[in-house]
Amino acid sequence: MKYLSTFVLFLIFSTAYSQTYTVSGTMKDSTNGEDLFGGSVIVKELSNVGARANSYGFYSLTLEKGSYTLMYRSAGFETKEIKVDLTENMTLNVELSLPKDVQEMEDVVVTGVKENENITSSGMNVTKFDPKDIETIPVIFGEKDIMKTLQLTPGIKTAGEGNSGFFVRGGGADQNLVLLDEAVVYNASHLLGFFSVFNSDAVKDVSLYKSGIPAEYGGRASSVMDVKMKDGNNKKFGLSGGIGLISSRLAVEGPIVKDKGSFIVSGRRSYLDVFLGLSRDENIRNTKLYFYDLNAKANYKLSDKDRIFISGYFGRDNFSFGDQFGFDWGNATGTVRYNRIISDKLFSNTSVIFSNFNYRFTIGSDDEAFGVNSSIQDWNVKQDFSLFANQNNSLKFGFNAMHHTFMPGALTGGNESFNEIVLDSRYGLEFGAYVQNEQKIGPRINLMYGLRYSGFDLVGGTKFDYDDNGDLISQDSTIGRWESVQYHQGLEPRFSMSYVISESNSIKAGYNRNFQYLHQLSNSTTSSPTDVWVPSSNNIKPQIGDQVALGYYQNLKKNKYRISTEIYYKWLQNQIDYRNGANLILNDQVEGELVYGKGRTYGLELLLEKKKGKFKGWISYTLSRSLRQFDDINDGKEFSARQDRIHDVSVVLMYDITKNLALAGTFIYYTGDAVTFPSGKYEIGGNVIPLYTERNGYRMPDYHRADLGLTWYLKDKKRFEHNLNFSIYNVYGRENAFTISFQENQDTGETEAVQTALFKIVPSITYNFKIK
Amino acid sequence: MKYAALILGIIVLASCTKVIDVDLNEANPVTVIEANYTAEDSTVRVVVTETSNFFSNEDEPTIDDAIVTITDQSGNSQQVPFVANGEYVLNNYIPQFGTTYTMTVLANGVTYNASCKLNDLIPQNGIIYEYIEPGAFSGDGGYLVAVSYQDPAAEGDFTSAYLTKNDTLYKELDDITLNNDEFTNGNLVLRPVFVDLFDVGDTIEIELRTIDKKIYDYYNELISLIDPNSAAPANPTYQWENRALGYFSAYPSSRQTTVIQ
């Protein structure tokens, strides 16, 4: 850390001797006071001089004494020019408004582009979405879902039909860091993946980093998905919501004190079980199946320099059969943040973050009832600084410490023949410290380089030692609550750069190394809440992901069209799989069931995008492989990961037919998942047993599907706007294989391959409204 | 995940199935040896076959010229004579409980070895049954049967229970009720046998085998193998040296019979 402070001081003072002044402040949306994350300020008179606002809308720009025209801009907003005579340090808080024509058209989707930001920024491979941009894109059940729309972009692949889980560049589903206002979300899906936990009414912005991951993020090997909740309108009250076939939602927002503080509360509940209640079948009638979630956030400006935020999420899924069986699970997160503008160049954010995920089974209702429950809980303290050192350097540095509690499971109740069983909780301390600089060198080169140190200490609990076959050698339960069982650590270099060839094309390159200390174990093809999270230990090493990526970006016709081409290669170390017949639930010796190996993934991603005009959309194509190699699997030979989809195409088209009518369509095609099928059979005890020769040696049939959506903006009243959204999922009724199973035909006795498809054609309708 | 499948089933009221063509490779034949030594009737039974093509409708090819030998813990060997159709049987082979037996099969020029401990018998306490009302899981209702036994004080007892109704054995793999004593060590175990619900007048017989841990694990793997939700199915752990499929199990059985009234 000594070098770090010297470095920081050097950057501060290297410019202090010339006659410079700083203009700093915040950038906000004039309609609702939301911070403009991703806004920037550019000096008109100087080429390539400017500053980007941080995630709280704070910017700082240091210039030599003089007169300048400052251009403030942000995606979708009208650029604002302010002339300044810089003779002293000054504060300029700026509010940007929507372009005039958009305001007149009221509810028309804003998809303004920041000209050629994609060309000039150093950060590559970040996919960003504002929920507004995608509201006309059709999705299953009409429930707009940012996670599903992300899956339509290159390199991000769906975990399966209708599923909100995803794979990034061949990595596993558990290798994505999913953050909601800085809190880790351990299970980001409802109803086994058909809905994501992110209510689009509450979401301000989503960024997904595929490579060149900034050093401020750590903990997962493949990608980062950073979801930021809306702050709430601090100018006036508003109410918005939607009524759909499967679920409804409602959000309230408004000022606490005008221009000083605001809040937003939004909730959602599904009511599939209401329909089940109408069934004639008593069994179906007694079935409950629903989820709900609640997002709440409040912020308050204590002074011009101090601001406090409190945000929380609570969501739960519930499934039960009368009183015989119950199963519920959910996440809860909470974040308290304190922002302080320490000086006109230094911004500080301090956060205390809580996160919990748990699930619970109950079986039976009388005194023979028994239950199983399991949870993972985190407390995290985080300190981040942004330092706008000078025109050419802006630094971020900080640290965090997180305490994890893993409660792998407890079995309670039941009749006398069951012993109550409570598996020992395990505890982990995870540390991170980072420094990162974004540097401009001349008008053409932008660099972002950083280093993250991460450490993980498994403390307390029981220490298990296993031999090579996974059989327990010894176990030690005398370890103190804070005594270290195993410490892992690593240095994670992060680097990305861009070279601007001209105003309309650039090349970018990136490298990043990520350590992952928590691992999710899942032995089923569908994502399940019972997938267990386990910490690194004396047996499990941290997963390490290394990635290099290179991209070429070209804008055509005055930034109307964008083309991007990216290639990447990723190495994954210490990957985890299981032995045959592994039992993952209620097993305190689960580590004995694991085997370790490595992986590599590589690919080419192409994207053609049109972001302006009546007709918008994109075409994305990914050519990629994702391979794994384990000594104990497939005789040590390399095999395809399930998500090894060689070709993956998505087409998204959005067309404004009239001012009030918007049509959107999507088409998806990808190579079938790698799958293990038998290559022979034999009999055991009269039962036919399949013979396997190769892991994932076969392919599911190729997947393709088209969806259509029509949004009709109904006549607006002065303070009321509303629309109807019709969508059809799987328009041409393609029966895409969800599973293929081999079974004996009852009539002929022959063995047949039977495919099950989930959704043929799913129409839906949603009514959305907004009171301003 | 049975529950996951249930939830999926409910969400997807409109899911559809159809028979499709899948082109499967033809693997080279592998030797399959299913060897049992049942202490109950002092009989060794070995069936030696080969794997066949997955979609083949023929009976499994048998190996009729194998040399099959069983060896006790003291090293005394005895040949298991060929009977017919890949089957080899040795009668009146007197069990020595608590000792380990080794089976050797020489087939198509390869020698396969496996050994198994013959554990002591765990006696059953008698069959217990209880009426279950009609409901979501129980259909029209009926009698649920449970096997009951006193688990020995030492850890590491493994059992498998097989149910026969009116002389018909429930022989599907997932009809086998496997039990270990991880959660029930030293207790009076009352383990429901979830193969079916029964009616008044049904004659129920339960065979409780005391099995080796290897066999317990093997059957668990076999059962997980036929679960269609398994993400990455693979052959069960080889029980035979030189990689024949199948297993060798030596076990005692206790039987109980009851008529539901």
# chains A, B, ... in the order shown; residues from 1 in each chain; ligands from 1
$ residues_around --residues "B:Ala107" --least-positions-apart "4" --cutoff "8 Å" --atoms "only C-alpha atoms" --output "list in words"
Thr31, Ile63, Asp65, Ala66, Ile67, Thr111 and Tyr112 of chain B
$ write_last_selection --atoms "N, CA and C atoms" --output "short mmCIF file (atom, residue, chain, number, x, y, z; two decimals), in the first residue's frame"
data_model
loop_
_atom_site.label_atom_id
_atom_site.label_comp_id
_atom_site.auth_asym_id
_atom_site.auth_seq_id
_atom_site.Cartn_x
_atom_site.Cartn_y
_atom_site.Cartn_z
N THR B 31 -17.94 -56.41 -21.52
CA THR B 31 -18.42 -57.53 -20.72
C THR B 31 -19.20 -57.02 -19.50
N ILE B 63 -22.25 -64.70 -22.69
CA ILE B 63 -20.94 -65.35 -22.79
C ILE B 63 -21.05 -66.67 -22.05
N ASP B 65 -18.81 -69.33 -22.31
CA ASP B 65 -17.59 -70.12 -22.11
C ASP B 65 -16.65 -69.47 -21.10
N ALA B 66 -17.22 -68.71 -20.17
CA ALA B 66 -16.38 -68.07 -19.16
C ALA B 66 -15.99 -69.08 -18.08
N ILE B 67 -14.90 -68.80 -17.40
CA ILE B 67 -14.52 -69.64 -16.25
C ILE B 67 -14.73 -68.78 -15.00
N THR B 111 -9.33 -61.45 -17.45
CA THR B 111 -9.72 -61.88 -16.10
C THR B 111 -10.30 -60.69 -15.33
N TYR B 112 -11.50 -60.86 -14.83
CA TYR B 112 -12.15 -59.81 -14.04
C TYR B 112 -12.26 -60.27 -12.59
#
$ residues_around --residues "stretch 23-29 of chain B" --least-positions-apart "5" --cutoff "7 Å" --atoms "only C-alpha atoms" --output "list in words"
Ser679 and Gly680 of chain A; Glu50, Thr51, Ser52 and Asn53 of chain B
$ select_by_dssp --residues "stretch 45-261 of chain B" --states "helix (DSSP H, G or I)" --output "PyMOL selection string"
chain B and resi 173-175+213-225
$ residues_around --residues "B:Leu222" --least-positions-apart "3" --cutoff "8 Å" --atoms "only C-alpha atoms" --output "list in words"
Gly581 and Ile689 of chain A; Leu173, Tyr218, Tyr219, Leu225, Ile226 and Pro236 of chain B
$ write_last_selection --atoms "N, CA and C atoms" --output "compact mmCIF listing (two decimals), in the first residue's frame"
# COMPACT_ATOMS: atom_id res chain seq x y z
N GLY A 581 -23.09 -40.12 -8.94
CA GLY A 581 -24.01 -40.37 -7.84
C GLY A 581 -23.77 -39.48 -6.63
N ILE A 689 -29.90 -50.80 -18.61
CA ILE A 689 -29.03 -49.72 -18.16
C ILE A 689 -28.29 -49.16 -19.36
N LEU B 173 -35.44 -50.39 -10.85
CA LEU B 173 -34.34 -49.91 -10.02
C LEU B 173 -34.81 -48.96 -8.92
N TYR B 218 -23.04 -48.35 -5.48
CA TYR B 218 -23.27 -48.75 -6.86
C TYR B 218 -24.73 -48.57 -7.25
N TYR B 219 -25.63 -49.02 -6.38
CA TYR B 219 -27.06 -48.88 -6.69
C TYR B 219 -27.48 -47.42 -6.70
N LEU B 225 -28.41 -42.63 -12.47
CA LEU B 225 -28.16 -42.75 -13.90
C LEU B 225 -29.45 -42.78 -14.71
N ILE B 226 -30.49 -43.35 -14.14
CA ILE B 226 -31.74 -43.43 -14.91
C ILE B 226 -32.64 -42.22 -14.64
N PRO B 236 -21.58 -46.20 -13.89
CA PRO B 236 -21.27 -46.26 -12.47
C PRO B 236 -19.81 -46.68 -12.26
$ closest_atom_pairs --of "chain B" --to "chain A" --cutoff "6 Å" --atoms "only C-alpha atoms" --output "Markdown table"
| residue | atom | partner | partner_atom | distance |
| --- | --- | --- | --- | --- |
| B:Ser15 | CA | A:Leu758 | CA | 4.4 |
| B:Cys16 | CA | A:Ala757 | CA | 5.4 |
| B:Thr17 | CA | A:Thr756 | CA | 4.3 |
| B:Lys18 | CA | A:Gln755 | CA | 5.5 |
| B:Val19 | CA | A:Val754 | CA | 4.4 |
| B:Ile20 | CA | A:Ala753 | CA | 5.7 |
| B:Leu24 | CA | A:Ser679 | CA | 5.9 |
| B:Asn25 | CA | A:Ser679 | CA | 5.3 |
| B:Glu26 | CA | A:Ser679 | CA | 5.6 |
| B:Ala27 | CA | A:Ser679 | CA | 5.5 |
| B:Thr51 | CA | A:Tyr682 | CA | 4.8 |
| B:Ser52 | CA | A:Gly680 | CA | 5.5 |
| B:Asn53 | CA | A:Gly680 | CA | 4.5 |
| B:Phe54 | CA | A:Gly680 | CA | 4.1 |
| B:Phe55 | CA | A:Thr751 | CA | 5.7 |
| B:Ala136 | CA | A:Asn283 | CA | 4.9 |
| B:Phe183 | CA | A:Asn419 | CA | 5.4 |
| B:Thr184 | CA | A:Phe418 | CA | 5.4 |
| B:Asn187 | CA | A:Ser417 | CA | 5.9 |
| B:Leu188 | CA | A:Ser417 | CA | 5.8 |
| B:Val189 | CA | A:Ser417 | CA | 5.0 |
| B:Glu221 | CA | A:Gly581 | CA | 4.4 |
| B:Ser224 | CA | A:Gly581 | CA | 5.8 |
| B:Asn229 | CA | A:Ser524 | CA | 5.6 |
| B:Ser230 | CA | A:Ser524 | CA | 5.2 |
| B:Ala231 | CA | A:Ser524 | CA | 4.8 |
| B:Ala234 | CA | A:Tyr692 | CA | 5.9 |
| B:Asn235 | CA | A:Tyr692 | CA | 5.8 |
$ write_last_selection --atoms "N, CA and C atoms" --output "PDB file, in the first residue's frame"
ATOM      1  N   SER B  15     -46.669 -28.198 -22.236  1.00  0.00           N
ATOM      2  CA  SER B  15     -45.476 -28.845 -22.771  1.00  0.00           C
ATOM      3  C   SER B  15     -45.893 -30.036 -23.630  1.00  0.00           C
ATOM      4  N   CYS B  16     -45.048 -30.356 -24.596  1.00  0.00           N
ATOM      5  CA  CYS B  16     -45.452 -31.421 -25.499  1.00  0.00           C
ATOM      6  C   CYS B  16     -44.283 -32.350 -25.764  1.00  0.00           C
ATOM      7  N   THR B  17     -44.591 -33.592 -26.025  1.00  0.00           N
ATOM      8  CA  THR B  17     -43.536 -34.566 -26.265  1.00  0.00           C
ATOM      9  C   THR B  17     -43.754 -35.203 -27.631  1.00  0.00           C
ATOM     10  N   LYS B  18     -42.663 -35.622 -28.232  1.00  0.00           N
ATOM     11  CA  LYS B  18     -42.783 -36.399 -29.465  1.00  0.00           C
ATOM     12  C   LYS B  18     -41.559 -37.291 -29.612  1.00  0.00           C
ATOM     13  N   VAL B  19     -41.731 -38.335 -30.395  1.00  0.00           N
ATOM     14  CA  VAL B  19     -40.628 -39.268 -30.638  1.00  0.00           C
ATOM     15  C   VAL B  19     -39.782 -38.704 -31.763  1.00  0.00           C
ATOM     16  N   ILE B  20     -38.475 -38.683 -31.547  1.00  0.00           N
ATOM     17  CA  ILE B  20     -37.599 -38.154 -32.584  1.00  0.00           C
ATOM     18  C   ILE B  20     -36.527 -39.192 -32.920  1.00  0.00           C
ATOM     19  N   LEU B  24     -27.292 -42.624 -32.655  1.00  0.00           N
ATOM     20  CA  LEU B  24     -26.325 -42.949 -31.608  1.00  0.00           C
ATOM     21  C   LEU B  24     -25.181 -43.785 -32.176  1.00  0.00           C
ATOM     22  N   ASN B  25     -24.002 -43.549 -31.624  1.00  0.00           N
ATOM     23  CA  ASN B  25     -22.841 -44.349 -32.036  1.00  0.00           C
ATOM     24  C   ASN B  25     -23.003 -45.785 -31.559  1.00  0.00           C
ATOM     25  N   GLU B  26     -22.255 -46.672 -32.198  1.00  0.00           N
ATOM     26  CA  GLU B  26     -22.252 -48.048 -31.718  1.00  0.00           C
ATOM     27  C   GLU B  26     -20.946 -48.305 -30.994  1.00  0.00           C
ATOM     28  N   ALA B  27     -21.036 -48.506 -29.687  1.00  0.00           N
ATOM     29  CA  ALA B  27     -19.826 -48.735 -28.902  1.00  0.00           C
ATOM     30  C   ALA B  27     -19.378 -50.181 -29.070  1.00  0.00           C
ATOM     31  N   THR B  51     -22.620 -55.911 -23.650  1.00  0.00           N
ATOM     32  CA  THR B  51     -23.474 -54.774 -24.014  1.00  0.00           C
ATOM     33  C   THR B  51     -23.869 -54.908 -25.467  1.00  0.00           C
ATOM     34  N   SER B  52     -25.002 -54.259 -25.819  1.00  0.00           N
ATOM     35  CA  SER B  52     -25.463 -54.300 -27.210  1.00  0.00           C
ATOM     36  C   SER B  52     -25.802 -52.887 -27.649  1.00  0.00           C
ATOM     37  N   ASN B  53     -26.172 -52.767 -28.914  1.00  0.00           N
ATOM     38  CA  ASN B  53     -26.548 -51.445 -29.423  1.00  0.00           C
ATOM     39  C   ASN B  53     -27.769 -50.926 -28.689  1.00  0.00           C
ATOM     40  N   PHE B  54     -27.805 -49.603 -28.517  1.00  0.00           N
ATOM     41  CA  PHE B  54     -28.839 -49.048 -27.650  1.00  0.00           C
ATOM     42  C   PHE B  54     -30.244 -49.328 -28.171  1.00  0.00           C
ATOM     43  N   PHE B  55     -30.441 -49.238 -29.447  1.00  0.00           N
ATOM     44  CA  PHE B  55     -31.787 -49.419 -29.979  1.00  0.00           C
ATOM     45  C   PHE B  55     -32.086 -50.875 -30.388  1.00  0.00           C
ATOM     46  N   ALA B 136     -52.683 -35.244  -2.879  1.00  0.00           N
ATOM     47  CA  ALA B 136     -51.842 -34.879  -4.015  1.00  0.00           C
ATOM     48  C   ALA B 136     -50.806 -35.953  -4.332  1.00  0.00           C
ATOM     49  N   PHE B 183     -28.216 -41.018   9.245  1.00  0.00           N
ATOM     50  CA  PHE B 183     -29.137 -40.241  10.074  1.00  0.00           C
ATOM     51  C   PHE B 183     -29.846 -41.105  11.115  1.00  0.00           C
ATOM     52  N   THR B 184     -29.620 -42.420  11.072  1.00  0.00           N
ATOM     53  CA  THR B 184     -30.449 -43.299  11.904  1.00  0.00           C
ATOM     54  C   THR B 184     -29.607 -44.283  12.710  1.00  0.00           C
ATOM     55  N   ASN B 187     -30.621 -46.574  15.848  1.00  0.00           N
ATOM     56  CA  ASN B 187     -32.034 -46.364  16.174  1.00  0.00           C
ATOM     57  C   ASN B 187     -32.888 -47.534  15.699  1.00  0.00           C
ATOM     58  N   LEU B 188     -34.128 -47.495  16.159  1.00  0.00           N
ATOM     59  CA  LEU B 188     -35.138 -48.358  15.583  1.00  0.00           C
ATOM     60  C   LEU B 188     -35.566 -47.680  14.279  1.00  0.00           C
ATOM     61  N   VAL B 189     -35.217 -48.289  13.171  1.00  0.00           N
ATOM     62  CA  VAL B 189     -35.476 -47.645  11.879  1.00  0.00           C
ATOM     63  C   VAL B 189     -36.861 -48.034  11.380  1.00  0.00           C
ATOM     64  N   GLU B 221     -25.654 -44.985  -7.644  1.00  0.00           N
ATOM     65  CA  GLU B 221     -25.199 -44.459  -8.928  1.00  0.00           C
ATOM     66  C   GLU B 221     -26.093 -44.932 -10.065  1.00  0.00           C
ATOM     67  N   SER B 224     -29.260 -42.908  -9.956  1.00  0.00           N
ATOM     68  CA  SER B 224     -29.097 -41.534 -10.438  1.00  0.00           C
ATOM     69  C   SER B 224     -28.900 -41.518 -11.955  1.00  0.00           C
ATOM     70  N   ASN B 229     -33.175 -36.123 -15.229  1.00  0.00           N
ATOM     71  CA  ASN B 229     -32.686 -34.767 -14.987  1.00  0.00           C
ATOM     72  C   ASN B 229     -31.198 -34.713 -14.712  1.00  0.00           C
ATOM     73  N   SER B 230     -30.548 -35.857 -14.671  1.00  0.00           N
ATOM     74  CA  SER B 230     -29.134 -35.875 -14.377  1.00  0.00           C
ATOM     75  C   SER B 230     -28.372 -35.084 -15.442  1.00  0.00           C
ATOM     76  N   ALA B 231     -27.524 -34.151 -14.975  1.00  0.00           N
ATOM     77  CA  ALA B 231     -26.868 -33.242 -15.904  1.00  0.00           C
ATOM     78  C   ALA B 231     -25.798 -33.958 -16.709  1.00  0.00           C
ATOM     79  N   ALA B 234     -22.969 -40.812 -16.305  1.00  0.00           N
ATOM     80  CA  ALA B 234     -21.763 -41.560 -16.658  1.00  0.00           C
ATOM     81  C   ALA B 234     -21.945 -42.973 -16.136  1.00  0.00           C
ATOM     82  N   ASN B 235     -21.145 -43.892 -16.622  1.00  0.00           N
ATOM     83  CA  ASN B 235     -21.248 -45.264 -16.129  1.00  0.00           C
ATOM     84  C   ASN B 235     -20.958 -45.285 -14.639  1.00  0.00           C
TER      85      ASN B 235
END
$ closest_residue --among "A:Gln589, A:Thr565, A:Gln554, A:Ser727" --to "A:Tyr466" --atoms "only C-alpha atoms"
A:Gln589
$ residues_around --residues "stretch 86-88 of chain B" --least-positions-apart "6" --cutoff "9 Å" --atoms "only C-alpha atoms" --output "MDAnalysis selection string"
chainID B and resid 44:49 61:66 68 80
$ write_last_selection --atoms "C-alpha atoms" --output "PDB file, in the first residue's frame"
ATOM      1  CA  VAL B  44     -23.802 -68.295  -6.068  1.00  0.00           C
ATOM      2  CA  ARG B  45     -25.411 -66.989  -9.264  1.00  0.00           C
ATOM      3  CA  VAL B  46     -23.407 -65.274 -11.978  1.00  0.00           C
ATOM      4  CA  VAL B  47     -24.708 -63.965 -15.297  1.00  0.00           C
ATOM      5  CA  VAL B  48     -22.141 -63.007 -17.931  1.00  0.00           C
ATOM      6  CA  THR B  49     -23.356 -60.962 -20.911  1.00  0.00           C
ATOM      7  CA  PRO B  61     -25.565 -61.475 -26.098  1.00  0.00           C
ATOM      8  CA  THR B  62     -24.399 -63.987 -23.498  1.00  0.00           C
ATOM      9  CA  ILE B  63     -20.938 -65.352 -22.792  1.00  0.00           C
ATOM     10  CA  ASP B  64     -21.227 -69.088 -22.220  1.00  0.00           C
ATOM     11  CA  ASP B  65     -17.586 -70.123 -22.112  1.00  0.00           C
ATOM     12  CA  ALA B  66     -16.380 -68.069 -19.160  1.00  0.00           C
ATOM     13  CA  VAL B  68     -16.102 -68.428 -13.013  1.00  0.00           C
ATOM     14  CA  VAL B  80     -19.133 -71.942 -10.450  1.00  0.00           C
TER      15      VAL B  80
END
$ residues_around --residues "stretch 203-207 of chain B" --least-positions-apart "4" --cutoff "9 Å" --atoms "only C-alpha atoms" --output "list in words"
Gln124, Ile127, Val145, Val147, Ser160, Ala161, Tyr162, Leu163, Thr164, Lys165, Asn166, Asp167, Leu169, Phe198, Ser253, Ser254, Arg255, Gln256, Thr257, Thr258, Val259 and Ile260 of chain B
$ write_last_selection --atoms "C-alpha atoms" --output "mmCIF file, in the first residue's frame"
data_model
loop_
_atom_site.group_PDB
_atom_site.id
_atom_site.type_symbol
_atom_site.label_atom_id
_atom_site.label_comp_id
_atom_site.auth_asym_id
_atom_site.auth_seq_id
_atom_site.Cartn_x
_atom_site.Cartn_y
_atom_site.Cartn_z
ATOM 1 C CA GLN B 124 -36.576 -57.250 10.491
ATOM 2 C CA ILE B 127 -43.925 -55.000 8.488
ATOM 3 C CA VAL B 145 -45.881 -50.112 4.033
ATOM 4 C CA VAL B 147 -39.838 -51.867 6.843
ATOM 5 C CA SER B 160 -31.692 -52.580 0.603
ATOM 6 C CA ALA B 161 -35.338 -53.577 0.775
ATOM 7 C CA TYR B 162 -37.292 -55.328 -1.989
ATOM 8 C CA LEU B 163 -41.058 -55.572 -1.918
ATOM 9 C CA THR B 164 -43.217 -58.335 -3.369
ATOM 10 C CA LYS B 165 -46.975 -57.982 -3.648
ATOM 11 C CA ASN B 166 -48.975 -61.154 -4.157
ATOM 12 C CA ASP B 167 -45.870 -62.966 -5.483
ATOM 13 C CA LEU B 169 -41.585 -58.467 -7.145
ATOM 14 C CA PHE B 198 -51.804 -51.269 -1.154
ATOM 15 C CA SER B 253 -31.542 -61.557 3.665
ATOM 16 C CA SER B 254 -34.299 -61.483 6.199
ATOM 17 C CA ARG B 255 -37.898 -61.787 5.066
ATOM 18 C CA GLN B 256 -41.213 -60.799 6.558
ATOM 19 C CA THR B 257 -44.692 -61.311 5.206
ATOM 20 C CA THR B 258 -47.976 -59.753 6.138
ATOM 21 C CA VAL B 259 -51.512 -59.593 4.781
ATOM 22 C CA ILE B 260 -53.048 -56.115 4.907
#
$ atom_distance --atom1 "atom CA of A:Asn437" --atom2 "atom CA of A:Gln489"
22.6 Å
$ closest_residue --among "B:Arg209, B:Asn76, B:Ala153, B:Val22" --to "B:Thr177" --atoms "only C-alpha atoms"
B:Arg209
$ residues_around --residues "A:Asp85" --least-positions-apart "4" --cutoff "12 Å" --atoms "only C-alpha atoms" --output "list in words"
Tyr21, Thr22, Val23, Leu63, Glu64, Lys65, Gly66, Ser67, Tyr68, Thr69, Leu70, Asn89 and Met90 of chain A
$ atom_distance --atom1 "atom CA of A:Ile134" --atom2 "atom CA of A:Lys614"
14.4 Å
$ select_by_dssp --residues "stretch 459-513 of chain A" --states "strand (DSSP E or B)" --output "ChimeraX atom specification"
/A:459,463-466,472-476,484-502,505-513
$ atom_distance --atom1 "atom CA of B:Asn108" --atom2 "atom CA of B:Ile33"
12.6 Å
$ closest_residue --among "A:Gln486, A:Ser211, A:Thr601, A:Ser60" --to "A:Asn390" --atoms "only C-alpha atoms"
A:Ser60
